[in-house]
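Engineer: Dropping the structure in here first, questions after.
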Amino acid sequence: MTETLFLTSSDVAGLASSAEYVQAVREGYRQRGEGAPAQPRSAFFRSDPDGMLTTYGAILPDTGAMGGYLYSAGFGAGDAWFMTPLFDADSGEPLALLDGASMNPYKTGAAGAVAVDVLAREDSDTLAVIGSGPQARGQLRAATTVREFTDVRVFSPTPASRESFGATFDDHLEADVRAVDSSDAAVSGADVVITATTAEEPVFDGDALEPGTHVTAMGQYSPDKRELDVRTIERATYVPDLRERATFDSGEFLAALELGAVEEDHVHAELGEIVAGKAPGRTTDDEITVFDSGGTGIETVAAAYLLYEKALESGLGHPIEFAPASEALTGD
């Protein structure tokens with residue numbers, strides 16, 4: 001039998017800072033850029049009751065861990081559950097099983113922050129956030145660890161949500177964080193734009209982007225849904241988390257491809273290739289850049305291993321046992 005650590009959502013909540021998540025995820029993407037295996041998500045759908053089962057994984061050999069996400073959303077309960085199995089990348093033995101819900105905005109926000117760090121201008125100080133939910137909060141927390149923003153504007157369709165978001169972060173960040181009443185007001189003059197929404201159609205006009213803007217889009221990962229319009233993709237140096245995902249489930253890229261605005265070679269590089277120095281990031285101050293984040297096992301494994309190590313140091317978690325196949329497959 002092999003002893004494995006089970007970590008609840010409350011075990012891992014608050015266990016690592018946003019900066020620590022960003023450091024771990026940056027290292028994960030470096031490994032991906034140097035050839036570490038990772039694939040886009042697989043999503044399985046059911047109707048009556050409507051629901052989605054999703055899984056994806058990655059191996060991070062230098063971290064010494066592999067695993068991924070398995071989660072369900074919708075169905076009869078109308079909720080979601082996130083499970084993160086983590087294995088030793090050398091022995092193959094299970095290390096931990098995490099309730100991955102509480103780490104989700106942090107690890108996804110960390111991927112966005114890594115992209116901001118390698119694609120946004122060094123002097124970026126104005127940030128637009130479109131969305132006001134947990135993912136938008138995670139993106140903002142992480143982004144402020146890689147750039148010193150002084151002006152943050154947030155827009156979401158619900159006034160109470162954007163006002164609450166603005167007030168909360170205005171109290172916790174040195175930047176001036178304020179709610180605005182339209183996406184145009186948020187995007188106008190912004191150095192960095194982050195979209196973290198459930199919108200199925202573009203949330204701003206790509207012609208409103210000023211030269212030199214960086215955009216991180218992380219709210220959609222479906223062929224028929226998109227946060228960014230064709231014009232944004234057409235104007236931008238386009239960087240996905242995984243190259244394969246651009247033509248698999250990126251509604252933004254697929255729409256631009258279908259309309260003939262771009263060709264498949266419009267994909268500049270994967271984020272990991274830029275982090276690893278295999279491809280350039282931003283090359284000019286007036287270049288518009290886009291990071292298309294659909295979620296991968298890279299940030300999931302990197303974040304989960306960070307939490308696993310911290311849990312061991314803090315004595316958190318509950319041991320459970322797994323039987324290796326050599327013992328369990330008796331043939332009886």
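Ordering of the structure tokens sets the chain letters (A, B, ...), residue numbers begin anew at 1 in every chain, and ligands are numbered from 1 in the order given.
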Taking only C-alpha atoms into account, produce a table as a tab-separated table in which each residue of stretch 130-230 of chain A with an atom at most 7 Å from an atom of stretch 287-294 of chain A appears once, together with its shortest atom pair and the distance in Å to one decimal, ordered by chain and rising number.
Structural biologist:
```
residue	atom	partner	partner_atom	distance
A:Pro211	CA	A:Ile288	CA	5.9
A:Gly212	CA	A:Glu287	CA	4.7
A:Thr213	CA	A:Ile288	CA	5.0
A:His214	CA	A:Thr289	CA	4.7
A:Val215	CA	A:Val290	CA	4.7
A:Thr216	CA	A:Phe291	CA	4.7
A:Ala217	CA	A:Asp292	CA	5.2
A:Met218	CA	A:Ser293	CA	4.7
A:Gln220	CA	A:Gly294	CA	6.6
A:Tyr221	CA	A:Gly294	CA	5.1
```
Engineer: Keeping only N, CA and C atoms, take the residues you just selected and write them out as a PDB file, in the first residue's frame.
Structural biologist:
```pdb
ATOM      1  N   PRO A 211      -2.354  50.999 -29.304  1.00  0.00           N
ATOM      2  CA  PRO A 211      -1.082  50.321 -29.560  1.00  0.00           C
ATOM      3  C   PRO A 211      -0.320  50.086 -28.260  1.00  0.00           C
ATOM      4  N   GLY A 212       0.255  48.905 -28.136  1.00  0.00           N
ATOM      5  CA  GLY A 212       1.032  48.568 -26.944  1.00  0.00           C
ATOM      6  C   GLY A 212       0.261  47.861 -25.857  1.00  0.00           C
ATOM      7  N   THR A 213      -1.031  47.630 -26.069  1.00  0.00           N
ATOM      8  CA  THR A 213      -1.854  46.987 -25.040  1.00  0.00           C
ATOM      9  C   THR A 213      -1.600  45.479 -25.007  1.00  0.00           C
ATOM     10  N   HIS A 214      -1.619  44.931 -23.812  1.00  0.00           N
ATOM     11  CA  HIS A 214      -1.630  43.471 -23.654  1.00  0.00           C
ATOM     12  C   HIS A 214      -3.008  43.038 -23.167  1.00  0.00           C
ATOM     13  N   VAL A 215      -3.506  41.928 -23.719  1.00  0.00           N
ATOM     14  CA  VAL A 215      -4.809  41.381 -23.340  1.00  0.00           C
ATOM     15  C   VAL A 215      -4.640  39.942 -22.865  1.00  0.00           C
ATOM     16  N   THR A 216      -5.194  39.643 -21.711  1.00  0.00           N
ATOM     17  CA  THR A 216      -5.303  38.257 -21.247  1.00  0.00           C
ATOM     18  C   THR A 216      -6.773  37.882 -21.237  1.00  0.00           C
ATOM     19  N   ALA A 217      -7.129  36.855 -22.003  1.00  0.00           N
ATOM     20  CA  ALA A 217      -8.509  36.364 -22.064  1.00  0.00           C
ATOM     21  C   ALA A 217      -8.554  34.983 -21.441  1.00  0.00           C
ATOM     22  N   MET A 218      -9.361  34.806 -20.383  1.00  0.00           N
ATOM     23  CA  MET A 218      -9.344  33.514 -19.713  1.00  0.00           C
ATOM     24  C   MET A 218     -10.738  32.986 -19.369  1.00  0.00           C
ATOM     25  N   GLN A 220     -13.305  31.924 -21.441  1.00  0.00           N
ATOM     26  CA  GLN A 220     -13.983  30.964 -22.301  1.00  0.00           C
ATOM     27  C   GLN A 220     -13.011  29.944 -22.889  1.00  0.00           C
ATOM     28  N   TYR A 221     -13.501  28.736 -23.034  1.00  0.00           N
ATOM     29  CA  TYR A 221     -12.710  27.667 -23.665  1.00  0.00           C
ATOM     30  C   TYR A 221     -13.684  26.739 -24.395  1.00  0.00           C
TER      31      TYR A 221
END
```
Engineer: Could you list, as an MDAnalysis selection string, every residue within 12 Å of A:Gly219, counting only C-alpha atoms and ignoring same-chain residues fewer than 3 positions away?
Structural biologist: chainID A and resid 105 108:109 112 129:136 139 194:203 216 222 225:228 250:252 291:295
Engineer: I'd like to know which residues of stretch 212-245 of chain A are helix (DSSP H, G or I) (by DSSP, run on the backbone); could you write them as a list of chain:residue names?
Structural biologist: A:Val230, A:Arg231, A:Thr232, A:Ile233, A:Glu234, A:Arg235, A:Arg243, A:Glu244, A:Arg245
Engineer: Using only C-alpha atoms, pick whichever of A:Val193, A:Leu53, A:Leu140, A:Val267 has the shortest atom-to-atom distance to A:Ala120.
Structural biologist: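 Smallest distance to A:Ala120 is found for A:Val193.
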